[in-house]
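Asker: Here's a structure for you.
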Amino acid sequence: MGYAIGVDVGGTFTDVVLRTPTGTLTAAKCLSTHDDPIAGIASGVTRVLAGVDPAQVGRVVHATTLATNAVLERKGARVAFVTTLGFRSVIPLGRYARVEEDRYDLRFTPPPPPVAAADCFEVVERVSARGTVLTPLDPDSVRRVAARITARGITSAAVCLLHSYACPEHERQVAAILRESIPNVVISSEIWPEIREYERATTTIMSAYVGPLMASYLSRLRARLAELGVRAPIHVMESSGGVISAELAARRAVSTIESGPAAGVLAAAGTGAGDVISFDMGGTTAKVCVVRDGRPEITREFHVGGRGSFGGRRAGTGVPIKTPAIDLAEIGAGGGSIAWLDAAGALRVGPRSAGSSPGPACYALGGREPTVTDANLMLGYLSSATIPLSPSLAARALDRLAGPLGVTPAEAAHAVHEIVSASMASAVHVVTVQRGIDPRGFTLVAFGGAGPMHAARVAERFGISRVLVPAHSGVASAAGLLTGALSTERVISRLDAADPDALFDELAHTAAADLGLPLTTPGLELTRSADVRFHGQSHDLTVPWSPVREELASRFSTKYTQVYGITQQSTIEVVAYRLRLTLPPPSAGAARRGTPEVGATRTARTRVTPTAKEARAGVTPAAKEASTTTRAAYFGGAYVEVPVHTRDTLERLHGPAVIEDPESTIVVPPGWTATLDEARAVHLIRESAP
């Protein structure tokens, strides 16, 4: 196995990890360069390749928020929507759920549709839901539409004809004509041929919307890496946790919208801790996901750009996307989240972030507003980072909160820390309690640059007694990319097909073509599943496929009970057939874990007696003896001297204490014990209630 590089571009930092043939990891953390993300990537790749021949790199895996940001910021390509005669208003009319803050707003204005009404066009054709041609396609109507689109200066088109999942031939003919004058044409039968016209249309539109941007970006990234001597194939993490080629990512860009968060969940699943809650807190956002038996839950519809609700996205408030994605909750709470006072004088934190430019005040890059990182620095939980930190600038920023609140800067900083921890706890609530899951039996796996500082406090709110912080926790998402398998999923809607095996064979060949692999490739795994519902119901659930009808019904009934909490028996029908093709990544074999690049060395121990204030905060003589390095940190309502360790000096440690990593810092509150395992993961065990 050769060298492999994982690249995760976040809102504040770009993380790059190099894995050697023996499994050792070298990490670099650079400020993200939003004007040109590739500049930050090149900087990180250059750092991790110091002393390594770039030609030895055999694989580059990338997670990017490019598609997400393009949708949220409306910076994608202008798209023309082409559909069946009589259905051009499907997108302009749209669908929007008026939730709490909108419900009684007399001046409510719904968000603009993804495609303006003037950019929606119709062609003459019609097929039935069973695939029967009711009205043949009129090629002249397509040519007239192509001329109108070209005249409007639009270079990207999304074609979604009525019931094209059952008969894709008309869409293919329309695309062939449009491509004579329009550079980028995407058709729904190639992107995601499922029932539900509105969702299929928005999914196709979003792929046409971000596709040109993604294709240009990946082309420039490939060229820049080649300049550095890296000519390895580039793979991109898709939303469901698999990786696809850069070429496929450009064609099906919509499948990469949740690319970044998926990588972190894979890292949490790879810890081998069993049932875990993945808790990823970076500089801009925090992401939470439940992983059972090493497998994260997958959703096949999510919403982009909608309103948040305690860490989730409410259906009907954004653009629905019908592609597989890891089911997680995401909130605007990270190290760069800005603390501010609302009109009533109440303290708020986020969702606005200082990002990488200007960044938190303590970065000394021009930022003046107080952030979570500034608060953690002032509290003594943080002292160093990838870049130098300025305590004086952090204190000055927090003074802007302390004065109006009538508290000390330390108390203001502690309030910021507690508020952002409560915000992240709401995301845990969404994926556990809100779904009927008791989180107390789970292990919270914390990573990201800021996650380990808040993990224990978040865990306490749910009675979770175990927290695991993996090695290289600050760049865990980038490391998780290297565990992703080359994978893709294909689906086709058919109501109780007469020959399911033929459909699965068709899907297998299409998926293999997506990956550029023959179906005879050694190690290639095929997983079949089906969307099933009770006859007469409109919603379906995905279950593992079985050709035996009774067994399929039993699997669906079990899943139905898990999801809805009731047991029901009735006639079932199959709505769609799914196939996932997976090629696991090369094994690292007996790879050894990488060690941090920076660490404190052991020194002679001296007998140190805690002060009265430290004793009240829970500082024990053993904790102070374990390390000669201490610093003042805020616990129990006051600053106390606490021991500061690295993973190199950690044996068994009772909180309060701080464990510093090169890319992140772990806070061990009073009542918690920290130990280190053979894989250099830190385990926090709760000894008592706070």
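The chains in the structure tokens are called A, B, ... from first to last as shown; in each chain the residues are counted from 1, and the ligands are counted from 1 in the order shown.
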Residues of range 431-546 of chain A that approach range 260-264 of chain A to 6 Å or less, counting only C-alpha atoms: could you list each one with the shortest pair of atoms and its distance in Å to one decimal, rows by chain and increasing residue number, as JSON lines?

Answerer:
{"residue": "A:Ser477", "atom": "CA", "partner": "A:Gly264", "partner_atom": "CA", "distance": 4.1}
{"residue": "A:Gly480", "atom": "CA", "partner": "A:Ala263", "partner_atom": "CA", "distance": 5.2}
{"residue": "A:Leu481", "atom": "CA", "partner": "A:Ala263", "partner_atom": "CA", "distance": 5.3}

Asker: What would the file look like if the residues just selected were written as a PDB file, in the first residue's frame with N, CA, C and O atoms?

Answerer:
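Generated file (part.pdb):
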ATOM      1  N   SER A 477     -11.624  14.103  10.728  1.00  0.00           N
ATOM      2  CA  SER A 477     -12.404  14.002   9.490  1.00  0.00           C
ATOM      3  C   SER A 477     -11.499  13.717   8.299  1.00  0.00           C
ATOM      4  O   SER A 477     -11.833  12.903   7.432  1.00  0.00           O
ATOM      5  N   GLY A 480     -10.538  10.206   8.550  1.00  0.00           N
ATOM      6  CA  GLY A 480     -11.672   9.346   8.226  1.00  0.00           C
ATOM      7  C   GLY A 480     -11.877   9.171   6.742  1.00  0.00           C
ATOM      8  O   GLY A 480     -12.413   8.149   6.286  1.00  0.00           O
ATOM      9  N   LEU A 481     -11.458  10.172   5.954  1.00  0.00           N
ATOM     10  CA  LEU A 481     -11.590  10.065   4.507  1.00  0.00           C
ATOM     11  C   LEU A 481     -10.854   8.844   3.962  1.00  0.00           C
ATOM     12  O   LEU A 481     -11.289   8.223   2.991  1.00  0.00           O
TER      13      LEU A 481
END

Asker: For range 153-162 of chain A, find every residue with an atom within 6 Å (counting only C-alpha atoms), except residues of its own chain fewer than 4 positions away, and show them as an MDAnalysis selection string.

Answerer: chainID A and resid 79:84 149 182:188 201 204:205 208

Asker: Using only C-alpha atoms, which protein or nucleic acid residues come within 7 Å of Ala250 in chain A? Drop anything in the same chain fewer than 2 positions from it, and give the result as a PyMOL selection string.

Answerer: chain A and resi 211+214-215+246-248+252-253

Asker: Output C-alpha atoms for every residue in the selection just made, as a compact mmCIF listing (two decimals), in the first residue's frame.

Answerer:
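The file below, selection.txt, is the result:
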# COMPACT_ATOMS: atom_id res chain seq x y z
CA GLY A 211 -22.15 20.65 -11.39
CA MET A 214 -17.66 21.30 -9.06
CA ALA A 215 -16.21 20.29 -12.43
CA ALA A 246 -13.68 13.16 -9.34
CA GLU A 247 -15.25 12.62 -12.76
CA LEU A 248 -18.38 11.09 -11.24
CA ARG A 252 -23.42 13.89 -9.94
CA ALA A 253 -22.36 16.87 -7.84

Asker: How many Å lie between CA of Arg95 in chain A and CA of Thr299 in chain A, rounded to one decimal?

Answerer: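 Between CA of Arg95 in chain A and CA of Thr299 in chain A the gap is 20.0 Å.
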
Asker: Smallest atom-to-atom distance to Ala512 in chain A: which of A:Val276, A:Ile195, A:Leu524, A:Cys362, using only C-alpha atoms?

Answerer: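 Once distances to Ala512 in chain A are computed over only C-alpha atoms, the minimum belongs to A:Leu524.
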
Asker: May I ask for the distance between CA of Thr203 in chain A and CA of Leu507 in chain A, given in Å to one decimal place?

Answerer: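 Those two atoms sit 19.3 Å apart.
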
Asker: Write out as a PyMOL selection string each polymer residue whose atoms come within 8 Å of Ala397 in chain A, counting only C-alpha atoms; drop sequence neighbours fewer than 2 positions from it.

Answerer: chain A and resi 361+368-370+374+393-395+399-401

Asker: Env of Val17 in chain A: 7 Å cut, atoms = only C-alpha atoms, seq-sep filter 6 positions within chain, self excluded. Answer as a PyMOL selection string.

Answerer: chain A and resi 5-7+25-28+48+478-479

Asker: Next, dump the selected residues to file, keeping only N, CA, C and O atoms, as a PDB file, in the first residue's frame.

Answerer:
ATOM      1  N   ILE A   5      -3.459  10.577   0.777  1.00  0.00           N
ATOM      2  CA  ILE A   5      -3.702  11.898   1.355  1.00  0.00           C
ATOM      3  C   ILE A   5      -5.201  12.108   1.517  1.00  0.00           C
ATOM      4  O   ILE A   5      -5.984  11.839   0.603  1.00  0.00           O
ATOM      5  N   GLY A   6      -5.609  12.588   2.700  1.00  0.00           N
ATOM      6  CA  GLY A   6      -6.986  12.982   2.959  1.00  0.00           C
ATOM      7  C   GLY A   6      -7.045  14.484   3.149  1.00  0.00           C
ATOM      8  O   GLY A   6      -6.227  15.047   3.886  1.00  0.00           O
ATOM      9  N   VAL A   7      -7.996  15.140   2.505  1.00  0.00           N
ATOM     10  CA  VAL A   7      -8.120  16.600   2.559  1.00  0.00           C
ATOM     11  C   VAL A   7      -9.546  16.966   2.940  1.00  0.00           C
ATOM     12  O   VAL A   7     -10.499  16.588   2.251  1.00  0.00           O
ATOM     13  N   LEU A  25       0.427   8.437  10.496  1.00  0.00           N
ATOM     14  CA  LEU A  25      -0.255   9.634  10.012  1.00  0.00           C
ATOM     15  C   LEU A  25       0.557  10.886  10.311  1.00  0.00           C
ATOM     16  O   LEU A  25       1.096  11.044  11.401  1.00  0.00           O
ATOM     17  N   THR A  26       0.638  11.761   9.336  1.00  0.00           N
ATOM     18  CA  THR A  26       1.209  13.093   9.512  1.00  0.00           C
ATOM     19  C   THR A  26       0.129  14.092   9.148  1.00  0.00           C
ATOM     20  O   THR A  26      -0.517  13.970   8.108  1.00  0.00           O
ATOM     21  N   ALA A  27      -0.099  15.075  10.014  1.00  0.00           N
ATOM     22  CA  ALA A  27      -1.216  15.995   9.827  1.00  0.00           C
ATOM     23  C   ALA A  27      -0.750  17.433   9.703  1.00  0.00           C
ATOM     24  O   ALA A  27       0.279  17.827  10.267  1.00  0.00           O
ATOM     25  N   ALA A  28      -1.507  18.211   8.955  1.00  0.00           N
ATOM     26  CA  ALA A  28      -1.279  19.650   8.846  1.00  0.00           C
ATOM     27  C   ALA A  28      -2.624  20.344   8.905  1.00  0.00           C
ATOM     28  O   ALA A  28      -3.602  19.878   8.317  1.00  0.00           O
ATOM     29  N   VAL A  48       2.663  18.269   4.635  1.00  0.00           N
ATOM     30  CA  VAL A  48       2.692  16.846   5.001  1.00  0.00           C
ATOM     31  C   VAL A  48       3.641  16.049   4.116  1.00  0.00           C
ATOM     32  O   VAL A  48       4.085  14.962   4.508  1.00  0.00           O
ATOM     33  N   ALA A 478     -10.356  14.384   8.238  1.00  0.00           N
ATOM     34  CA  ALA A 478      -9.416  14.136   7.145  1.00  0.00           C
ATOM     35  C   ALA A 478      -8.893  12.710   7.204  1.00  0.00           C
ATOM     36  O   ALA A 478      -8.731  12.045   6.169  1.00  0.00           O
ATOM     37  N   ALA A 479      -8.633  12.214   8.428  1.00  0.00           N
ATOM     38  CA  ALA A 479      -8.179  10.830   8.568  1.00  0.00           C
ATOM     39  C   ALA A 479      -9.296   9.857   8.202  1.00  0.00           C
ATOM     40  O   ALA A 479      -9.057   8.797   7.607  1.00  0.00           O
TER      41      ALA A 479
END

Asker: Find the spatial neighbours of Thr14 in chain A, counting only C-alpha atoms, within a cut-off of 12 Å - ignore same-chain residues fewer than 2 positions away - and output them as a PyMOL selection string.

Answerer: chain A and resi 6-12+16-17+27-34+36-45+62-65+260+282-284+355-356+386+448-449+474-478+663
